[in-house]
Amino acid sequence: MAERVAVVGIGQTKYDSVRGDVSLPGLLREAVFRALEDAQLTLADIDAIVIGKAPDFFEGIMVPEYALVEALGAVGKPVFRVHTAGSVSGSTAIVASSMIEAGVHERILTIGWQMQSCSEAMWALSVTMPFQQQLVAGAGGYFAPYIRQYMQRSKAPDDTGVLVALKDRLNALKNPYAHLHEHGITYESVKESLMLWDPIRYSETCPSSDGAIAMVLTNEAGGDAAAAEGRQPAWVHGTAFRSEPAMAAGRDQVSPQAGKDCAAAVYRQAGITNPREQVDVVEMYVPFSWYEPMWLENLGFAEEGQGWRLTHDGVTAMDGDLPVNCSGGVLSTNPIGASGMIRFGEAALQVRGMAGEHQIDGARTAVGHAYGGAAQFFAMWVVGSEKP
Amino acid sequence: MRDVAIIATAQSKHVRAATETNEVELIQPVIQEATERSGVGRHDFDFTCSGSSDYLAGQPFSFVMTLDAVAAWPPISESHVEMDGAWALYEAWVKIQTGHADTALVYSYGKSSPGDLPRVLSRMTDSYYEAPLWPTSVDVAALQARAAIEAGVTSEQAMAEVAHRSRTAAADNPYAQLTSSPDPAALLEQDYVADPLRRHDCAPITDGGVAVVLAAGDKARELCERPAWIRGIDHRADGHHLNFRDLTAAPSVAIAADKAGVAGGKVDVAELHACFTHQEQILRNALGLGDDVEVNPSGGPLAANPMMAAGLIRLAEVANRIHAGSIDRGVAHATGGHALQHNLVAVLEGEG
């Protein structure tokens, strides 16, 4: 068992609120061909395609991958569709990785995408169902009370979220693919932006984006071949997903057990005993600014109640010793069904030394993280520049 | 590859409309039954994977609520596919192959009754050129049936015989929805629903679910008297656009059959996910099954067709016969999309 897995190609589209210049197949192909070019492979070299996206209602197309088979060169090949809430394309990368790890396939193209401009995603997430608790508040309305609970428990300064949003949006200026490029953003402009769901302000909220990311994963031989040609692969050191129910007695939505378990599992596989010391860079799923300190604690980078200190001390800034979301993160780019894989892909870019202007020099070990549902689905991977 | 087997299965009693249960209530007893039969503790599965469709449930992220049907607290290692449960089983099989799991719970379910299923399935077509025409699943199947008849693959007489044979066989299936049929001659006197398809040529609309437990190697032998070993499993897609496809054949089925090793031994039984009578012969041809191979002794999808579950049920039906010792080797097929676009083939065997 246990074939080693390497990421040898990564391609992203330009993310935007409306990518009206391309069709749906065109959007995916923009990412796919960039990933293939990076991997120095063609569609003909690909054994299987693993696709993830958030609900089909967002575009109004039921299982859209069936209509994409020709555009993805997948006729006669295995096509696999994963769907696990907001963590979906992180899960998708894990499923693709496991197919290589299991020795079932040698070269897989995996894609995460969403064309959110086709609908109003926030309301599509909170439809009214018979006999079910009605939310009708969007994701921000759902998570705001848990953020307030975090603030109360941790006694974090009120402007922690402002600092996170400012950092991520400034990082995004270094990422040409990022959706939001807010050149004039300042501490004051974030703080004075409209309060949407107290304490979440407009500028502390993720945008709604169109976009796709594709990755080419190979077995050890594929990774070695890329390395021999001078193209650094990212080696997968561990993968894990964990789920818990939306409602369960004793469940803590501020720091969910599933997130802790997911991190513990992935660190165990990667041989990480002290994540704060051993991890060089993190791409975590922060759709609302306050989730940076919350996940820092949940994933074991800070003691309970202390995550906000890392933000305030600049530890999570690009020049800090645990940079978080150098790409600009979900706060700058959020095609929901791609956002998880973008975290995984950006982590891989860092250890490949290919993150461009937002590269952290010497990054050797990186964590990609995604979550979804009512903070109940978690997917993570650890990638490194060296073989596991 | 590790030896992996289906060690237990359970199904709901399939019905036209489960009006008094939601999806969680429908699938929970099925999961409970499969779990009890497997001997694996409900908190002891290394991995859980499910298949369902938001478009059937009418709700984004509909699978989130069915986490309530499994023991997901404390948290579990879990995944979901927006495909038939047969592909959830495939993901679980892959997970066991990686060595990260030795046991897995797989389930899938579909409640088609709240909507107009053939029209809902029209949303599965290409959104630019085909979906605006609202082609229903029956419309597309009728095009395929016409092509198959004209190519000499099947005939309306042969199709009526498939319908009669399947639903008569289902009399022995306690989970089946339709369990009897008029004679083929009487069936052929009925009007067309979509020429050349008559009502009997189409699978019924069904609410139901299925759960399956997988285990590896010695764990399977310990828990199950006669495990149904997955000797080969593969899945493939054909193109989507009808004008690019030869609808009278299923090339992706032939590839999957080859990879799964269907031709490597005698096939005692084949359970085929043929939702329309004409598709049985197309599948027999692609799988290389002779006329002597018994197909769909359970009645198949023509007797009960819970969307997203009917494919996994094919694997369960073959496994049940191996568990009972009535067959040694069987083939299961699952499909997704219109006109057999996406196909999975598995070969199951008993030991010895």
# chains A, B, ... in the order shown; residues from 1 in each chain; ligands from 1
>>> interface_residues(of="chain A", to="chain B", cutoff="8 Å", atoms="only C-alpha atoms", output="VMD selection string")
chain A and resid 1 to 2 54 to 57 60 to 64 66 to 70 74 to 85 91 95 98 to 99 101 to 104 124 to 125 127 129 240 to 246 248 257 to 258 261 373
>>> residues_around(residues="Ala324 of chain B", least_positions_apart="2", cutoff="10 Å", atoms="only C-alpha atoms", output="ChimeraX atom specification")
/B:225-228,319-322,326-328,350
>>> atom_distance(atom1="atom CA of Val210 of chain B", atom2="atom CA of Ala286 of chain B")
26.4 Å
>>> residues_around(residues="Val254 of chain A", least_positions_apart="3", cutoff="8 Å", atoms="only C-alpha atoms", output="ChimeraX atom specification")
/A:146-147,149-150,294
>>> select_by_dssp(residues="segment 70-217 of chain A", states="strand (DSSP E)", output="PDB file with N, CA, C and O atoms, in the first residue's frame")
ATOM      1  N   VAL A  79     -14.576   9.483 -14.047  1.00  0.00           N
ATOM      2  CA  VAL A  79     -14.909  10.841 -13.614  1.00  0.00           C
ATOM      3  C   VAL A  79     -15.595  10.707 -12.266  1.00  0.00           C
ATOM      4  O   VAL A  79     -16.521   9.910 -12.119  1.00  0.00           O
ATOM      5  N   PHE A  80     -15.133  11.446 -11.281  1.00  0.00           N
ATOM      6  CA  PHE A  80     -15.619  11.270  -9.912  1.00  0.00           C
ATOM      7  C   PHE A  80     -16.026  12.613  -9.346  1.00  0.00           C
ATOM      8  O   PHE A  80     -15.298  13.595  -9.471  1.00  0.00           O
ATOM      9  N   ARG A  81     -17.191  12.676  -8.712  1.00  0.00           N
ATOM     10  CA  ARG A  81     -17.703  13.935  -8.181  1.00  0.00           C
ATOM     11  C   ARG A  81     -17.904  13.861  -6.661  1.00  0.00           C
ATOM     12  O   ARG A  81     -18.706  13.075  -6.170  1.00  0.00           O
ATOM     13  N   VAL A  82     -17.171  14.729  -5.977  1.00  0.00           N
ATOM     14  CA  VAL A  82     -17.231  14.791  -4.516  1.00  0.00           C
ATOM     15  C   VAL A  82     -18.112  15.971  -4.107  1.00  0.00           C
ATOM     16  O   VAL A  82     -18.142  17.004  -4.791  1.00  0.00           O
ATOM     17  N   ARG A 107      -1.843   9.258 -12.532  1.00  0.00           N
ATOM     18  CA  ARG A 107      -1.897  10.704 -12.771  1.00  0.00           C
ATOM     19  C   ARG A 107      -3.353  11.159 -12.745  1.00  0.00           C
ATOM     20  O   ARG A 107      -4.155  10.712 -13.569  1.00  0.00           O
ATOM     21  N   ILE A 108      -3.669  12.034 -11.836  1.00  0.00           N
ATOM     22  CA  ILE A 108      -5.055  12.488 -11.690  1.00  0.00           C
ATOM     23  C   ILE A 108      -5.124  14.000 -11.856  1.00  0.00           C
ATOM     24  O   ILE A 108      -4.282  14.742 -11.348  1.00  0.00           O
ATOM     25  N   LEU A 109      -6.160  14.411 -12.574  1.00  0.00           N
ATOM     26  CA  LEU A 109      -6.489  15.829 -12.671  1.00  0.00           C
ATOM     27  C   LEU A 109      -7.632  16.071 -11.696  1.00  0.00           C
ATOM     28  O   LEU A 109      -8.677  15.404 -11.784  1.00  0.00           O
ATOM     29  N   THR A 110      -7.428  16.970 -10.751  1.00  0.00           N
ATOM     30  CA  THR A 110      -8.506  17.268  -9.809  1.00  0.00           C
ATOM     31  C   THR A 110      -8.859  18.746  -9.907  1.00  0.00           C
ATOM     32  O   THR A 110      -7.979  19.595 -10.078  1.00  0.00           O
ATOM     33  N   ILE A 111     -10.167  19.023  -9.853  1.00  0.00           N
ATOM     34  CA  ILE A 111     -10.658  20.373 -10.134  1.00  0.00           C
ATOM     35  C   ILE A 111     -11.680  20.788  -9.080  1.00  0.00           C
ATOM     36  O   ILE A 111     -12.553  20.005  -8.717  1.00  0.00           O
ATOM     37  N   GLY A 112     -11.552  22.019  -8.607  1.00  0.00           N
ATOM     38  CA  GLY A 112     -12.587  22.620  -7.767  1.00  0.00           C
ATOM     39  C   GLY A 112     -13.075  23.876  -8.456  1.00  0.00           C
ATOM     40  O   GLY A 112     -12.263  24.643  -8.976  1.00  0.00           O
ATOM     41  N   TRP A 113     -14.360  24.083  -8.481  1.00  0.00           N
ATOM     42  CA  TRP A 113     -14.851  25.264  -9.204  1.00  0.00           C
ATOM     43  C   TRP A 113     -16.199  25.718  -8.678  1.00  0.00           C
ATOM     44  O   TRP A 113     -16.918  24.977  -8.027  1.00  0.00           O
ATOM     45  N   GLN A 114     -16.533  26.963  -8.999  1.00  0.00           N
ATOM     46  CA  GLN A 114     -17.861  27.508  -8.743  1.00  0.00           C
ATOM     47  C   GLN A 114     -18.059  28.719  -9.628  1.00  0.00           C
ATOM     48  O   GLN A 114     -17.118  29.477  -9.857  1.00  0.00           O
ATOM     49  N   MET A 115     -19.271  28.855 -10.159  1.00  0.00           N
ATOM     50  CA  MET A 115     -19.612  30.051 -10.923  1.00  0.00           C
ATOM     51  C   MET A 115     -20.749  30.721 -10.144  1.00  0.00           C
ATOM     52  O   MET A 115     -21.920  30.603 -10.484  1.00  0.00           O
ATOM     53  N   MET A 195     -21.465  47.458   9.097  1.00  0.00           N
ATOM     54  CA  MET A 195     -21.630  46.291   9.961  1.00  0.00           C
ATOM     55  C   MET A 195     -22.755  45.430   9.376  1.00  0.00           C
ATOM     56  O   MET A 195     -23.892  45.868   9.261  1.00  0.00           O
ATOM     57  N   LEU A 196     -22.420  44.199   8.974  1.00  0.00           N
ATOM     58  CA  LEU A 196     -23.420  43.326   8.354  1.00  0.00           C
ATOM     59  C   LEU A 196     -24.093  42.437   9.389  1.00  0.00           C
ATOM     60  O   LEU A 196     -25.305  42.415   9.521  1.00  0.00           O
ATOM     61  N   TRP A 197     -23.249  41.627  10.060  1.00  0.00           N
ATOM     62  CA  TRP A 197     -23.772  40.742  11.106  1.00  0.00           C
ATOM     63  C   TRP A 197     -22.848  40.962  12.291  1.00  0.00           C
ATOM     64  O   TRP A 197     -21.759  40.381  12.321  1.00  0.00           O
ATOM     65  N   ILE A 200     -19.362  41.151  12.391  1.00  0.00           N
ATOM     66  CA  ILE A 200     -18.728  40.995  11.080  1.00  0.00           C
ATOM     67  C   ILE A 200     -19.090  42.183  10.191  1.00  0.00           C
ATOM     68  O   ILE A 200     -20.270  42.405   9.880  1.00  0.00           O
ATOM     69  N   ARG A 201     -18.044  42.917   9.806  1.00  0.00           N
ATOM     70  CA  ARG A 201     -18.264  44.054   8.909  1.00  0.00           C
ATOM     71  C   ARG A 201     -18.150  43.608   7.451  1.00  0.00           C
ATOM     72  O   ARG A 201     -17.609  42.536   7.157  1.00  0.00           O
ATOM     73  N   ASP A 210     -16.453  33.881  -9.032  1.00  0.00           N
ATOM     74  CA  ASP A 210     -16.405  32.842 -10.062  1.00  0.00           C
ATOM     75  C   ASP A 210     -14.950  32.390 -10.175  1.00  0.00           C
ATOM     76  O   ASP A 210     -14.032  33.228 -10.147  1.00  0.00           O
ATOM     77  N   GLY A 211     -14.750  31.094 -10.346  1.00  0.00           N
ATOM     78  CA  GLY A 211     -13.379  30.668 -10.577  1.00  0.00           C
ATOM     79  C   GLY A 211     -13.191  29.177 -10.424  1.00  0.00           C
ATOM     80  O   GLY A 211     -14.080  28.453  -9.968  1.00  0.00           O
ATOM     81  N   ALA A 212     -12.001  28.722 -10.839  1.00  0.00           N
ATOM     82  CA  ALA A 212     -11.666  27.303 -10.772  1.00  0.00           C
ATOM     83  C   ALA A 212     -10.190  27.145 -10.481  1.00  0.00           C
ATOM     84  O   ALA A 212      -9.374  27.999 -10.837  1.00  0.00           O
ATOM     85  N   ILE A 213      -9.877  26.052  -9.823  1.00  0.00           N
ATOM     86  CA  ILE A 213      -8.482  25.652  -9.617  1.00  0.00           C
ATOM     87  C   ILE A 213      -8.351  24.195 -10.029  1.00  0.00           C
ATOM     88  O   ILE A 213      -9.279  23.405  -9.815  1.00  0.00           O
ATOM     89  N   ALA A 214      -7.245  23.869 -10.650  1.00  0.00           N
ATOM     90  CA  ALA A 214      -6.983  22.484 -11.045  1.00  0.00           C
ATOM     91  C   ALA A 214      -5.604  22.095 -10.553  1.00  0.00           C
ATOM     92  O   ALA A 214      -4.693  22.928 -10.503  1.00  0.00           O
ATOM     93  N   MET A 215      -5.455  20.828 -10.176  1.00  0.00           N
ATOM     94  CA  MET A 215      -4.147  20.319  -9.766  1.00  0.00           C
ATOM     95  C   MET A 215      -3.909  18.977 -10.459  1.00  0.00           C
ATOM     96  O   MET A 215      -4.840  18.202 -10.676  1.00  0.00           O
ATOM     97  N   VAL A 216      -2.655  18.730 -10.773  1.00  0.00           N
ATOM     98  CA  VAL A 216      -2.259  17.420 -11.281  1.00  0.00           C
ATOM     99  C   VAL A 216      -1.493  16.709 -10.172  1.00  0.00           C
ATOM    100  O   VAL A 216      -0.480  17.217  -9.679  1.00  0.00           O
ATOM    101  N   LEU A 217      -2.009  15.561  -9.770  1.00  0.00           N
ATOM    102  CA  LEU A 217      -1.355  14.742  -8.753  1.00  0.00           C
ATOM    103  C   LEU A 217      -0.784  13.496  -9.424  1.00  0.00           C
ATOM    104  O   LEU A 217      -1.418  12.921 -10.310  1.00  0.00           O
TER     105      LEU A 217
END
>>> residues_around(residues="Leu187 of chain B", least_positions_apart="4", cutoff="8 Å", atoms="only C-alpha atoms", output="list in words")
Ala160, Pro182, Asp183 and His200 of chain B
>>> residues_around(residues="Ala171 of chain B", least_positions_apart="6", cutoff="10 Å", atoms="only C-alpha atoms", output="MDAnalysis selection string")
chainID B and resid 177:181 297:299 303
>>> residues_around(residues="Val383 of chain A", least_positions_apart="2", cutoff="6 Å", atoms="only C-alpha atoms", output="VMD selection string")
chain A and resid 234 to 237 365 to 366
>>> write_last_selection(atoms="N, CA, C and O atoms", output="short mmCIF file (atom, residue, chain, number, x, y, z; two decimals), in the first residue's frame")
data_model
loop_
_atom_site.label_atom_id
_atom_site.label_comp_id
_atom_site.auth_asym_id
_atom_site.auth_seq_id
_atom_site.Cartn_x
_atom_site.Cartn_y
_atom_site.Cartn_z
N ALA A 234 5.33 19.21 -4.82
CA ALA A 234 4.93 19.25 -3.42
C ALA A 234 4.54 17.83 -3.05
O ALA A 234 3.70 17.22 -3.70
N TRP A 235 5.18 17.29 -2.02
CA TRP A 235 4.88 15.91 -1.58
C TRP A 235 3.80 15.93 -0.52
O TRP A 235 3.86 16.75 0.40
N VAL A 236 2.83 15.04 -0.67
CA VAL A 236 1.73 14.98 0.31
C VAL A 236 2.20 14.17 1.51
O VAL A 236 2.57 13.00 1.38
N HIS A 237 2.19 14.82 2.69
CA HIS A 237 2.66 14.16 3.92
C HIS A 237 1.52 13.62 4.77
O HIS A 237 1.73 12.81 5.66
N THR A 365 7.32 23.14 4.81
CA THR A 365 6.15 22.38 5.27
C THR A 365 4.96 23.34 5.34
O THR A 365 5.06 24.40 5.95
N ALA A 366 3.85 22.97 4.69
CA ALA A 366 2.69 23.85 4.66
C ALA A 366 1.42 23.06 4.93
O ALA A 366 1.32 21.87 4.61
#
>>> residues_around(residues="Phe45 of chain B", least_positions_apart="3", cutoff="7 Å", atoms="only C-alpha atoms", output="NGL selection string")
:B and (40 or 42 or 48 or 103-105)
>>> write_last_selection(atoms="C-alpha atoms", output="PDB file, in the first residue's frame")
ATOM      1  CA  VAL B  40     -19.094  -3.794  13.461  1.00  0.00           C
ATOM      2  CA  ARG B  42     -21.779   1.671  15.256  1.00  0.00           C
ATOM      3  CA  THR B  48     -18.209   6.389   6.178  1.00  0.00           C
ATOM      4  CA  THR B 103     -13.963  -1.143   7.648  1.00  0.00           C
ATOM      5  CA  ALA B 104     -16.393   1.239   5.991  1.00  0.00           C
ATOM      6  CA  LEU B 105     -20.094   2.055   6.100  1.00  0.00           C
TER       7      LEU B 105
END
>>> atom_distance(atom1="atom CA of His369 of chain A", atom2="atom CA of Tyr285 of chain A")
5.9 Å
>>> decode(residues="segment 324-344 of chain B", atoms="N, CA, C and O atoms", output="compact mmCIF listing (two decimals), in the first residue's frame")
# COMPACT_ATOMS: atom_id res chain seq x y z
N ALA B 324 -25.34 -15.89 0.84
CA ALA B 324 -26.25 -17.03 1.04
C ALA B 324 -25.70 -18.32 0.44
O ALA B 324 -26.26 -19.39 0.65
N GLY B 325 -24.64 -18.19 -0.35
CA GLY B 325 -24.04 -19.38 -0.96
C GLY B 325 -24.76 -19.85 -2.21
O GLY B 325 -24.45 -20.92 -2.74
N SER B 326 -25.69 -19.03 -2.73
CA SER B 326 -26.43 -19.48 -3.91
C SER B 326 -25.68 -19.21 -5.21
O SER B 326 -26.00 -19.79 -6.24
N ILE B 327 -24.70 -18.33 -5.19
CA ILE B 327 -23.84 -18.12 -6.35
C ILE B 327 -22.39 -17.97 -5.88
O ILE B 327 -22.14 -17.68 -4.70
N ASP B 328 -21.46 -18.16 -6.82
CA ASP B 328 -20.04 -18.00 -6.50
C ASP B 328 -19.45 -16.72 -7.08
O ASP B 328 -18.49 -16.17 -6.54
N ARG B 329 -20.01 -16.26 -8.18
CA ARG B 329 -19.39 -15.13 -8.87
C ARG B 329 -20.48 -14.33 -9.57
O ARG B 329 -21.31 -14.89 -10.30
N GLY B 330 -20.51 -13.03 -9.33
CA GLY B 330 -21.53 -12.19 -9.95
C GLY B 330 -20.97 -10.85 -10.40
O GLY B 330 -19.90 -10.41 -9.95
N VAL B 331 -21.70 -10.20 -11.28
CA VAL B 331 -21.31 -8.89 -11.80
C VAL B 331 -22.39 -7.89 -11.41
O VAL B 331 -23.59 -8.16 -11.53
N ALA B 332 -21.95 -6.72 -10.91
CA ALA B 332 -22.88 -5.64 -10.60
C ALA B 332 -22.52 -4.42 -11.42
O ALA B 332 -21.34 -4.12 -11.62
N HIS B 333 -23.55 -3.73 -11.89
CA HIS B 333 -23.36 -2.53 -12.72
C HIS B 333 -24.20 -1.39 -12.15
O HIS B 333 -25.33 -1.61 -11.71
N ALA B 334 -23.61 -0.20 -12.14
CA ALA B 334 -24.35 1.00 -11.72
C ALA B 334 -24.17 2.07 -12.78
O ALA B 334 -23.14 2.11 -13.47
N THR B 335 -25.17 2.95 -12.90
CA THR B 335 -25.06 4.00 -13.91
C THR B 335 -25.49 5.34 -13.36
O THR B 335 -26.19 5.43 -12.35
N GLY B 336 -25.04 6.40 -14.05
CA GLY B 336 -25.45 7.76 -13.72
C GLY B 336 -25.55 8.56 -15.01
O GLY B 336 -24.97 8.19 -16.02
N GLY B 337 -26.29 9.66 -14.96
CA GLY B 337 -26.46 10.48 -16.17
C GLY B 337 -27.51 9.88 -17.08
O GLY B 337 -28.18 8.90 -16.74
N HIS B 338 -27.68 10.50 -18.25
CA HIS B 338 -28.69 10.04 -19.20
C HIS B 338 -28.13 8.96 -20.11
O HIS B 338 -26.96 9.01 -20.49
N ALA B 339 -28.98 8.00 -20.47
CA ALA B 339 -28.67 7.03 -21.52
C ALA B 339 -27.34 6.32 -21.26
O ALA B 339 -26.51 6.17 -22.14
N LEU B 340 -27.15 5.89 -20.00
CA LEU B 340 -25.96 5.10 -19.62
C LEU B 340 -24.66 5.87 -19.87
O LEU B 340 -23.70 5.32 -20.39
N GLN B 341 -24.60 7.14 -19.43
CA GLN B 341 -23.38 7.91 -19.69
C GLN B 341 -22.22 7.52 -18.77
O GLN B 341 -21.07 7.48 -19.19
N HIS B 342 -22.52 7.28 -17.51
CA HIS B 342 -21.46 7.07 -16.51
C HIS B 342 -21.70 5.70 -15.89
O HIS B 342 -22.81 5.42 -15.43
N ASN B 343 -20.69 4.85 -15.90
CA ASN B 343 -20.93 3.46 -15.52
C ASN B 343 -19.85 2.91 -14.62
O ASN B 343 -18.67 3.19 -14.79
N LEU B 344 -20.30 2.09 -13.67
CA LEU B 344 -19.40 1.38 -12.76
C LEU B 344 -19.68 -0.11 -12.87
O LEU B 344 -20.84 -0.52 -12.94
